[in-house]
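Presented below is the structure to which this report refers.
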Amino acid sequence: MDLNGRRVVAIGEREGVTGPSLKLLAESAGADVVFSVTQCFV
Amino acid sequence: MSPTPAILRASYALAHAPDLVRHGSKPAREIGRDPSLLPRITEALRPWDEVVAYPPNQVFIGNREPDDLASIPRPWYENRIDSADSAGSFGRMVTQPALYGLMKLCDDFELVTIDAELADLAATDLADFDHRRGRITGVDPAELRTIAEASNGLDLHQDGRPAGFIRTVHDQDEALTASVLLENLISKATAVLAVSDLLRSARIAAGEIDYLLNCGEEAVGDRYQRGGGSLSKAVGEVVGCVNATGSDIKAFCSAPVHALIAAGAMVAAGVHRYVVVLGGASQAKLGMKFGAHLRNGVPVMEDCLASMAFLVGPADAGDGEGLRLRLDLAGKHPIGAGSSPKAVYEALVVEPLVRAGLSMTDIDKYAVEMHNPEITEPGGSGDVPRTNYRTLAAMAVLRREIGREDMDRFVAERGMPGFAPTQGHIPAGVPYLGHALEAIRRGRLDRAMIVAKGSLFLGRMTQLVDGVSFVVERPAVARPR
Amino acid sequence: MDLEDQANVNRLAETSGTDDMVVLLGQPDANSAGLFAETVTRGDPTWAGPLAGVPLGLPVFHVLEPEIKEQMDGELYDEHVGLMELSADVDEIIKWVAVCRD
């Protein structure tokens, strides 16, 4: 899957990789992050 | 010389609240959409004796050690502890009638009415409680019905029958609706129990307390100052802390650790001699994962309200066996640090240790988010403490303090199974403090680190997380420095 | 998945189509990652949210998957994912996300 130029929905988690972190990473691969969120279950 | 601050005593309480699960945020919304859920939830709730004998609850109140859980096979709700006691070495469990009794004696505005039968049960179950027991009064059922029909509010139940009512104070004030007042009054009532038990077990007069810090997450206030606060002073009033004032510290789940650091700093600076840090229960969290529990055919285990209180004072007070608070080793996650796990743990755990010339393996036990995995796993949220401990171990590997092959051992030795109910701020590292006090008295622990994180982003004001930590030590370890 | 987030994903898919859309996950364990992957492919398995019975069929990947990792900035990756690479059960997570994708 080539992320470059794709619209990415980033669903992160506090105890793993957060939404803002996923956004940075996806953008470094050339993706357009249209939605990012961090889930917290506790 | 400024006093060395210490955590002198810890106290915890669990109030069984099966009939209040329906008023938890998630169940209330879901039952509103689909009323057929209520009987399904009710059927999946546990009776009192099963809740008392539930191994994680026995650990929470101090009758078992956290590491004992590792040797009790899962599911823990089936492998209960025989002849378990509701009184523990630093905590206790109380029945739902006792909880209603505590709410009544904490109610200064006639918010709650209960019937006489429930009031009798409450008075019996609170026979050993020291404060305001005369306020636990009930009305006859006809009068209860009249009151309930005359105003907006919520019915309160005992064994499924309507046995009480909490009224909405102001129909146009979202901060004073019955459901918000129920959350706040429960937070107050459960904190009162923990603080009362704390003072009794510490053998300190309530009048000696100088300051109270509440770290609960409930928002006490009205429409003009939602979350205005100082539930701390409201709690102190009930237990007779006549010489204290107080305030609330808010930082989601990391607030208890912020509050303990602040309390230690107050003691060290000589501003106050004795500070009580308290945290009441989170009514909104009851039954939060009921959907996953029902789907998986397990009991609805978010059935208890938890509270806690800690006495912070000079280390030489009492038996001198308190946990020395190393304020010089307080850790924080600064705004500029970034929110990657590496940045968070670097700031929270590594930086303070490095500052003191210590390594990660100089900490005997880490206390992280101590959520009971049996509650979180059915919903797919995993084993939160285990994830945290694995991350800490990975951090130690990256720092070349241990090898990759040592990660499991690091987790087993320096971590522990989660045993705290999923009650918001309650699981944030601090449920271990009671155990740490015992372990240090027995000479089985030298140094522990308490680490808490908070999901600030849930309030939609920032994307940031928060985190704070502190180190506690055995007196003999602390002294030679 | 949080119901509000399910609604957001659903709205994005409905208003702008799913052709060039990819879901990227960051959960630290297989169960949780699998649950999210299933929600955006076959629909909410808990039948609680707006994606219940809505098989969006979105391509979904976990940040730990090698084909995703190799496209990202290496330094950023070490900073944000390095710890989880060490601490998580990487194979298990990848397996569960792949099951939903295929």
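Simple scheme: letters A, B, ... for chains in structure tokens order, numbers from 1 for residues in each chain, numbers from 1 for ligands in the order shown.
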Against chain C, which residues of chain B fall within 8 Å? For each one I want the closest pair of atoms and the distance in Å (one decimal), counting only C-alpha atoms, rows by chain and increasing residue number, as a Markdown table.
```
| residue | atom | partner | partner_atom | distance |
| --- | --- | --- | --- | --- |
| B:Gly291 | CA | C:Thr46 | CA | 7.8 |
| B:Ala292 | CA | C:Thr46 | CA | 7.4 |
| B:Arg295 | CA | C:Thr46 | CA | 7.9 |
| B:Ser340 | CA | C:His80 | CA | 4.8 |
| B:Pro341 | CA | C:His80 | CA | 6.5 |
| B:Lys342 | CA | C:Leu83 | CA | 6.3 |
| B:Ala343 | CA | C:Glu79 | CA | 7.6 |
| B:Gly380 | CA | C:Ser32 | CA | 4.5 |
| B:Ser381 | CA | C:Ser32 | CA | 5.5 |
| B:Gly382 | CA | C:Asp29 | CA | 6.5 |
| B:Thr387 | CA | C:Pro28 | CA | 7.2 |
| B:Arg390 | CA | C:Ser87 | CA | 5.1 |
| B:Thr391 | CA | C:Ser87 | CA | 5.4 |
| B:Ala393 | CA | C:Ser87 | CA | 7.4 |
| B:Ala394 | CA | C:Ser87 | CA | 5.5 |
| B:Met395 | CA | C:Leu83 | CA | 6.7 |
```
Could the residues in this selection be saved with N, CA and C atoms as a compact mmCIF listing (two decimals), in the first residue's frame?
```txt
# COMPACT_ATOMS: atom_id res chain seq x y z
N GLY B 291 -21.32 -3.30 27.81
CA GLY B 291 -21.64 -3.91 26.52
C GLY B 291 -20.69 -5.06 26.22
N ALA B 292 -19.41 -4.82 26.41
CA ALA B 292 -18.40 -5.85 26.15
C ALA B 292 -18.56 -6.99 27.15
N ARG B 295 -21.59 -9.05 26.04
CA ARG B 295 -21.27 -9.81 24.82
C ARG B 295 -20.39 -11.01 25.11
N SER B 340 5.25 11.32 21.97
CA SER B 340 5.60 9.95 21.63
C SER B 340 5.86 9.20 22.93
N PRO B 341 5.56 7.88 22.97
CA PRO B 341 5.79 7.13 24.20
C PRO B 341 7.22 7.29 24.69
N LYS B 342 8.15 7.35 23.76
CA LYS B 342 9.56 7.47 24.15
C LYS B 342 9.79 8.81 24.87
N ALA B 343 9.21 9.86 24.32
CA ALA B 343 9.37 11.18 24.94
C ALA B 343 8.72 11.19 26.32
N GLY B 380 -11.60 -5.23 24.32
CA GLY B 380 -10.52 -5.06 23.36
C GLY B 380 -9.55 -3.96 23.76
N SER B 381 -9.59 -3.52 25.01
CA SER B 381 -8.64 -2.47 25.41
C SER B 381 -7.37 -3.03 26.02
N GLY B 382 -7.23 -4.36 26.01
CA GLY B 382 -5.98 -4.96 26.42
C GLY B 382 -5.72 -4.87 27.92
N THR B 387 0.89 -3.48 29.25
CA THR B 387 1.40 -2.65 28.15
C THR B 387 2.37 -1.60 28.69
N ARG B 390 5.63 -3.35 29.79
CA ARG B 390 6.41 -3.75 28.60
C ARG B 390 7.12 -2.52 28.02
N THR B 391 6.43 -1.40 28.01
CA THR B 391 7.03 -0.18 27.47
C THR B 391 8.21 0.26 28.34
N ALA B 393 10.04 -1.69 30.17
CA ALA B 393 11.12 -2.65 29.93
C ALA B 393 11.83 -2.33 28.62
N ALA B 394 11.04 -1.96 27.60
CA ALA B 394 11.65 -1.61 26.30
C ALA B 394 12.55 -0.38 26.46
N MET B 395 12.11 0.52 27.29
CA MET B 395 12.91 1.72 27.58
C MET B 395 14.25 1.31 28.21
```
Could the residues of chain A within 7 Å of chain C, counting only C-alpha atoms, be given as a list in words, please? Arg6, Arg7, Val8, Val9, Ala10, Ile11, Gly12, Glu13, Glu15, Gly16, Val17, Thr18, Ser21, Leu25, Ala26, Ser28 and Ala29 of chain A
Take the residues from that selection and put them in a file with N, CA and C atoms, as a PDB file, in the first residue's frame.
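Result went into out_1.pdb, see below:
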```pdb
ATOM      1  N   ARG A   6      -2.359   9.540  -0.610  1.00  0.00           N
ATOM      2  CA  ARG A   6      -3.634   8.985  -0.133  1.00  0.00           C
ATOM      3  C   ARG A   6      -4.173   9.774   1.058  1.00  0.00           C
ATOM      4  N   ARG A   7      -5.486   9.703   1.224  1.00  0.00           N
ATOM      5  CA  ARG A   7      -6.116  10.310   2.400  1.00  0.00           C
ATOM      6  C   ARG A   7      -6.085   9.286   3.526  1.00  0.00           C
ATOM      7  N   VAL A   8      -5.533   9.694   4.644  1.00  0.00           N
ATOM      8  CA  VAL A   8      -5.359   8.752   5.755  1.00  0.00           C
ATOM      9  C   VAL A   8      -6.242   9.121   6.941  1.00  0.00           C
ATOM     10  N   VAL A   9      -6.897   8.095   7.475  1.00  0.00           N
ATOM     11  CA  VAL A   9      -7.619   8.216   8.741  1.00  0.00           C
ATOM     12  C   VAL A   9      -6.745   7.546   9.794  1.00  0.00           C
ATOM     13  N   ALA A  10      -6.272   8.324  10.782  1.00  0.00           N
ATOM     14  CA  ALA A  10      -5.323   7.795  11.769  1.00  0.00           C
ATOM     15  C   ALA A  10      -6.027   7.564  13.104  1.00  0.00           C
ATOM     16  N   ILE A  11      -6.021   6.310  13.536  1.00  0.00           N
ATOM     17  CA  ILE A  11      -6.670   5.987  14.816  1.00  0.00           C
ATOM     18  C   ILE A  11      -5.611   5.471  15.782  1.00  0.00           C
ATOM     19  N   GLY A  12      -5.187   6.344  16.671  1.00  0.00           N
ATOM     20  CA  GLY A  12      -4.124   5.999  17.608  1.00  0.00           C
ATOM     21  C   GLY A  12      -4.667   5.645  18.974  1.00  0.00           C
ATOM     22  N   GLU A  13      -3.739   5.299  19.865  1.00  0.00           N
ATOM     23  CA  GLU A  13      -4.137   4.984  21.234  1.00  0.00           C
ATOM     24  C   GLU A  13      -3.096   5.523  22.201  1.00  0.00           C
ATOM     25  N   GLU A  15      -1.790   4.384  24.896  1.00  0.00           N
ATOM     26  CA  GLU A  15      -0.762   3.457  25.348  1.00  0.00           C
ATOM     27  C   GLU A  15       0.087   2.907  24.204  1.00  0.00           C
ATOM     28  N   GLY A  16      -0.291   3.235  22.960  1.00  0.00           N
ATOM     29  CA  GLY A  16       0.477   2.771  21.813  1.00  0.00           C
ATOM     30  C   GLY A  16       1.085   3.965  21.095  1.00  0.00           C
ATOM     31  N   VAL A  17       0.641   4.192  19.854  1.00  0.00           N
ATOM     32  CA  VAL A  17       1.069   5.381  19.115  1.00  0.00           C
ATOM     33  C   VAL A  17      -0.152   6.293  19.001  1.00  0.00           C
ATOM     34  N   THR A  18      -0.001   7.551  19.395  1.00  0.00           N
ATOM     35  CA  THR A  18      -1.157   8.450  19.466  1.00  0.00           C
ATOM     36  C   THR A  18      -1.554   8.964  18.077  1.00  0.00           C
ATOM     37  N   SER A  21       0.892  11.476  16.626  1.00  0.00           N
ATOM     38  CA  SER A  21       2.114  10.807  16.159  1.00  0.00           C
ATOM     39  C   SER A  21       1.872  10.134  14.811  1.00  0.00           C
ATOM     40  N   LEU A  25       3.774  10.771  11.140  1.00  0.00           N
ATOM     41  CA  LEU A  25       4.409   9.669  10.409  1.00  0.00           C
ATOM     42  C   LEU A  25       3.808   9.518   9.018  1.00  0.00           C
ATOM     43  N   ALA A  26       2.471   9.581   8.947  1.00  0.00           N
ATOM     44  CA  ALA A  26       1.811   9.405   7.644  1.00  0.00           C
ATOM     45  C   ALA A  26       2.188  10.555   6.712  1.00  0.00           C
ATOM     46  N   SER A  28       4.926  12.127   6.748  1.00  0.00           N
ATOM     47  CA  SER A  28       6.315  11.931   6.280  1.00  0.00           C
ATOM     48  C   SER A  28       6.364  10.946   5.109  1.00  0.00           C
ATOM     49  N   ALA A  29       5.264  10.179   4.931  1.00  0.00           N
ATOM     50  CA  ALA A  29       5.185   9.249   3.798  1.00  0.00           C
ATOM     51  C   ALA A  29       4.398   9.872   2.640  1.00  0.00           C
TER      52      ALA A  29
END
```
Output the contact residues of chain B with respect to chain A at a cut-off of 10 Å, based on only C-alpha atoms, as a ChimeraX atom specification. /B:253,285,288-289,338-341,369,371,376,379-382,384-385,387-388,391,422-425,427,453-455,457-458,463-465
Residues flagged strand (DSSP E) by DSSP in chain C, as a compact mmCIF listing (two decimals) with C-alpha atoms, in the first residue's frame:
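This is the output file part-v4.txt:
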```
# COMPACT_ATOMS: atom_id res chain seq x y z
CA MET C 21 -8.67 6.37 1.75
CA VAL C 22 -6.48 4.30 4.10
CA VAL C 23 -6.91 3.70 7.82
CA LEU C 24 -3.72 3.70 9.88
CA LEU C 25 -3.75 2.13 13.35
CA VAL C 60 -6.45 -0.82 6.97
CA PHE C 61 -2.82 -1.06 8.09
CA HIS C 62 -0.98 -0.97 11.38
```
